[in-house]
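File shown: target36.txt. Contents: compact mmCIF, C-alpha atoms.
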```
# COMPACT_ATOMS: atom_id res chain seq x y z
CA MET E 1 71.12 107.93 105.82
CA THR E 2 72.42 109.81 108.83
CA CYS E 3 73.97 108.00 111.76
CA SER E 4 71.11 108.97 114.04
CA LEU E 5 68.53 107.41 111.73
CA LYS E 6 70.64 104.34 111.10
CA TYR E 7 71.70 103.54 114.67
CA ALA E 8 68.93 105.01 116.85
CA PRO E 9 66.63 101.95 116.59
CA GLN E 10 69.49 99.60 117.49
CA LEU E 11 70.50 101.74 120.47
CA ARG E 12 66.92 102.09 121.68
CA ALA E 13 66.50 98.31 121.46
CA GLN E 14 69.38 98.09 123.95
CA GLY E 15 67.88 100.72 126.24
CA MET E 16 70.13 103.58 125.10
CA ARG E 17 69.27 107.03 123.81
CA MET E 18 70.79 108.53 120.67
CA THR E 19 72.63 111.52 122.14
CA ALA E 20 74.57 114.13 120.18
CA GLN E 21 77.78 112.69 121.62
CA ARG E 22 76.94 109.17 120.42
CA VAL E 23 75.99 110.50 116.99
CA ALA E 24 79.35 112.26 116.66
CA ILE E 25 81.31 109.18 117.78
CA LEU E 26 79.36 106.78 115.56
CA HIS E 27 79.66 109.16 112.62
CA VAL E 28 83.45 109.22 112.97
CA LEU E 29 83.65 105.42 113.14
CA GLU E 30 81.32 105.00 110.18
CA GLN E 31 83.12 107.56 108.03
CA THR E 32 86.62 106.27 108.77
CA GLY E 33 85.81 102.58 108.81
CA GLY E 34 86.98 102.23 112.39
CA HIS E 35 90.30 101.10 113.86
CA LEU E 36 90.69 104.35 115.73
CA SER E 37 92.03 105.00 119.20
CA PRO E 38 89.85 106.87 121.68
CA THR E 39 92.06 109.94 121.25
CA GLN E 40 91.69 109.85 117.47
CA ILE E 41 87.93 109.46 117.82
CA TYR E 42 87.82 112.36 120.26
CA ASP E 43 89.85 114.63 117.97
CA LEU E 44 87.64 113.89 114.96
CA ALA E 45 84.28 113.86 116.78
CA ARG E 46 85.01 117.17 118.50
CA LYS E 47 84.97 118.85 115.09
CA GLU E 48 81.38 117.72 114.74
CA TYR E 49 80.39 118.29 118.37
CA PRO E 50 82.74 120.83 120.01
CA LYS E 51 81.28 120.34 123.50
CA LEU E 52 82.42 116.71 123.53
CA THR E 53 84.83 115.80 126.32
CA GLU E 54 87.49 113.09 126.24
CA PRO E 55 86.08 111.25 129.30
CA THR E 56 82.71 111.11 127.53
CA VAL E 57 84.35 109.48 124.51
CA TYR E 58 86.06 106.84 126.67
CA ARG E 59 82.86 106.14 128.61
CA THR E 60 80.75 105.94 125.44
CA LEU E 61 83.21 103.64 123.68
CA GLU E 62 83.29 101.27 126.66
CA GLU E 63 79.51 101.25 126.93
CA LEU E 64 79.01 100.61 123.20
CA ALA E 65 81.64 97.86 123.25
CA GLU E 66 80.02 96.19 126.30
CA ARG E 67 76.74 96.12 124.40
CA LYS E 68 78.49 94.56 121.36
CA PHE E 69 77.75 97.60 119.22
CA LEU E 70 81.48 98.28 118.81
CA LEU E 71 84.46 95.98 118.80
CA ALA E 72 87.56 96.84 120.76
CA ALA E 73 90.92 95.40 119.72
CA HIS E 74 94.24 95.43 121.53
CA VAL E 75 96.95 96.54 119.14
CA GLY E 76 99.95 96.32 121.45
CA ASN E 77 101.52 98.58 124.05
CA GLY E 78 98.23 98.67 125.95
CA LYS E 79 96.53 100.54 123.11
CA MET E 80 92.94 99.90 122.10
CA VAL E 81 91.23 100.69 118.83
CA TYR E 82 87.53 100.60 118.08
CA GLU E 83 85.38 99.82 115.07
CA LEU E 84 81.71 99.26 114.40
CA ALA E 85 80.77 95.64 115.07
CA GLU E 86 78.90 95.47 111.78
CA ASN E 87 82.18 95.99 109.92
CA HIS E 88 83.93 93.11 111.62
CA ASN E 89 84.95 90.27 109.35
CA HIS E 90 88.69 90.47 109.76
CA HIS E 91 91.61 90.26 112.15
CA HIS E 92 94.88 92.19 112.36
CA LEU E 93 98.56 91.48 111.77
CA ILE E 94 100.75 94.32 113.07
CA CYS E 95 104.48 94.87 112.67
CA ARG E 96 106.20 95.33 116.06
CA GLU E 97 108.74 97.72 114.52
CA CYS E 98 106.99 100.07 112.08
CA HIS E 99 103.38 99.32 113.15
CA ALA E 100 102.28 98.57 109.59
CA GLU E 101 99.00 96.69 109.65
CA VAL E 102 97.55 93.99 107.44
CA GLN E 103 93.96 92.82 107.69
CA ILE E 104 93.36 89.07 107.67
CA ASP E 105 89.98 87.92 106.40
CA HIS E 106 88.08 85.88 108.97
CA THR E 107 87.59 82.98 106.54
CA THR E 108 91.35 82.37 106.72
CA LEU E 109 91.04 81.49 110.42
CA LYS E 110 87.62 79.77 110.50
CA LYS E 111 89.13 76.27 110.57
CA LEU E 112 91.47 77.23 113.43
CA PHE E 113 88.59 78.62 115.51
CA ALA E 114 86.52 75.47 114.86
CA GLU E 115 89.44 73.28 115.94
CA LEU E 116 89.96 75.32 119.10
CA GLU E 117 86.28 75.08 120.01
CA SER E 118 86.30 71.33 119.37
CA SER E 119 89.47 70.62 121.35
CA THR E 120 88.74 72.90 124.32
CA GLY E 121 84.96 72.76 124.63
CA TYR E 122 84.89 76.56 124.66
CA ARG E 123 82.50 78.46 122.43
CA PHE E 124 83.79 81.72 121.04
CA ILE E 125 81.64 84.72 121.85
CA ASP E 126 83.96 87.45 120.60
CA ILE E 127 86.40 86.71 117.83
CA HIS E 128 88.78 89.55 117.10
CA VAL E 129 92.43 88.57 116.99
CA THR E 130 95.56 90.65 116.63
CA PHE E 131 98.80 88.96 115.63
CA PHE E 132 102.21 90.62 115.92
CA GLY E 133 105.33 90.03 113.88
CA LEU E 134 107.88 91.74 111.68
CA CYS E 135 106.84 92.91 108.23
CA PRO E 136 109.07 92.04 105.23
CA PHE E 137 110.53 95.56 105.16
CA CYS E 138 111.57 95.46 108.83
CA GLN E 139 112.94 91.93 108.42
CA ASN E 140 115.16 93.21 105.61
CA GLN E 141 116.26 96.19 107.72
CA LYS E 142 117.27 93.85 110.57
CA GLY E 143 118.87 91.33 108.24
CA ASP E 144 116.56 88.49 109.40
```
In structure tokens, write the structure found in this file.
Amino acid sequence: MTCSLKYAPQLRAQGMRMTAQRVAILHVLEQTGGHLSPTQIYDLARKEYPKLTEPTVYRTLEELAERKFLLAAHVGNGKMVYELAENHNHHHLICRECHAEVQIDHTTLKKLFAELESSTGYRFIDIHVTFFGLCPFCQNQKGD
């Protein structure tokens, strides 16, 4: 199934059209599994749609994230990465030194989220967490 057939009904339900630019961006995210920066998405999507501009990619990513179609995650140093919301069932653990990344299954943190909701009265709307630390390799390099 092509991206336009798969995602067009969902976009239309949110009052959006399925443009060639959106198809190219969604295709890149679907094919790679997400976790891409806007620049990476732009570079890959431009191969599919050469007329695509970088500001269009940024604008489209923001719009799709606002409508909960994509998830945006902060991965340190002010950088954002994006993935399709339908693929979200994990969190991230990133090494501050080498930037190696480990995915943490959401079930590992379910109890923590429930406890936070219970103790604060807040209800989580978006749950996408990024933890930072030092991976075992970098710990060994530093002698920690």
Given only C-alpha atoms as the counted atoms, nearest of E:Val75, E:Leu84, E:Ala114, E:Ala24 to E:Val57: E:Ala24
Surrounding residues of E:Glu30 excluding itself and chain neighbours under 4 positions, 9 Å, all atoms listed in the file, as a ChimeraX atom specification: /E:3,25-26,34,83-84
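Interatomic distance, atom CA of E:Gly78 against atom CA of E:Ile104: 21.2 Å.
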Among listed residues E:His27, E:Arg22, E:His128, E:Lys51, nearest E:Ala72 (using only C-alpha atoms): E:His128
Given only C-alpha atoms, how would the per-residue table for stretch 54-74 of chain E near stretch 86-103 of chain E read, listing every residue at most 9 Å away with its closest atom pair and distance in Å to one decimal, sorted by chain and number, as JSON lines?
```
{"residue": "E:Phe69", "atom": "CA", "partner": "E:Glu86", "partner_atom": "CA", "distance": 7.8}
{"residue": "E:Leu70", "atom": "CA", "partner": "E:Glu86", "partner_atom": "CA", "distance": 8.0}
{"residue": "E:Leu71", "atom": "CA", "partner": "E:His88", "partner_atom": "CA", "distance": 7.8}
{"residue": "E:Ala73", "atom": "CA", "partner": "E:His92", "partner_atom": "CA", "distance": 9.0}
```
Proximity to E:Pro50 - best of E:Gln21, E:Gln10, E:Thr107, E:Thr120, all atoms listed in the file: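 Under the stated criterion, the closest residue is E:Gln21.
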Distance query E:Met18 at most 7 Å, all atoms listed in the file, self and fewer than 4 positions along chain excluded, as an MDAnalysis selection string: chainID E and resid 4 8 11 22:23
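Note that atom CA of E:Leu116 and atom CA of E:Val81 are 25.4 Å apart.
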Near-E:Tyr42 list (9 Å; all atoms listed in the file; drop same-chain fewer than 6 positions) as a ChimeraX atom specification: /E:25,52-54,56-58
Prev. selection, C-alpha atoms, output as a compact mmCIF listing (two decimals), in the coordinates of the input:
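Contents of the output file selection36.txt:
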```txt
# COMPACT_ATOMS: atom_id res chain seq x y z
CA ILE E 25 81.31 109.18 117.78
CA LEU E 52 82.42 116.71 123.53
CA THR E 53 84.83 115.80 126.32
CA GLU E 54 87.49 113.09 126.24
CA THR E 56 82.71 111.11 127.53
CA VAL E 57 84.35 109.48 124.51
CA TYR E 58 86.06 106.84 126.67
```
Point-to-point distance from atom CA of E:Lys68 to atom CA of E:Gln14, Å rounded to tenths: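 Pair atom CA of E:Lys68 / atom CA of E:Gln14 returns 10.1 Å.
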Selected residue, from E:Lys79, E:His74, E:Lys111, E:Arg46, that lies nearest to E:Val129 when counting only C-alpha atoms: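 Of E:Lys79, E:His74, E:Lys111, E:Arg46, the one nearest E:Val129, counting only C-alpha atoms, is E:His74.
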Proximity to E:Tyr7 - best of E:Thr19, E:Ser118, E:Thr32, E:Gln141, only C-alpha atoms: E:Thr19
Selected residue of minimal separation from E:Thr60 among E:Ala13, E:Leu134, E:Ala85, E:Ala20, counting all atoms listed in the file: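 Residue with the minimum atom-to-atom distance to E:Thr60: E:Ala20.
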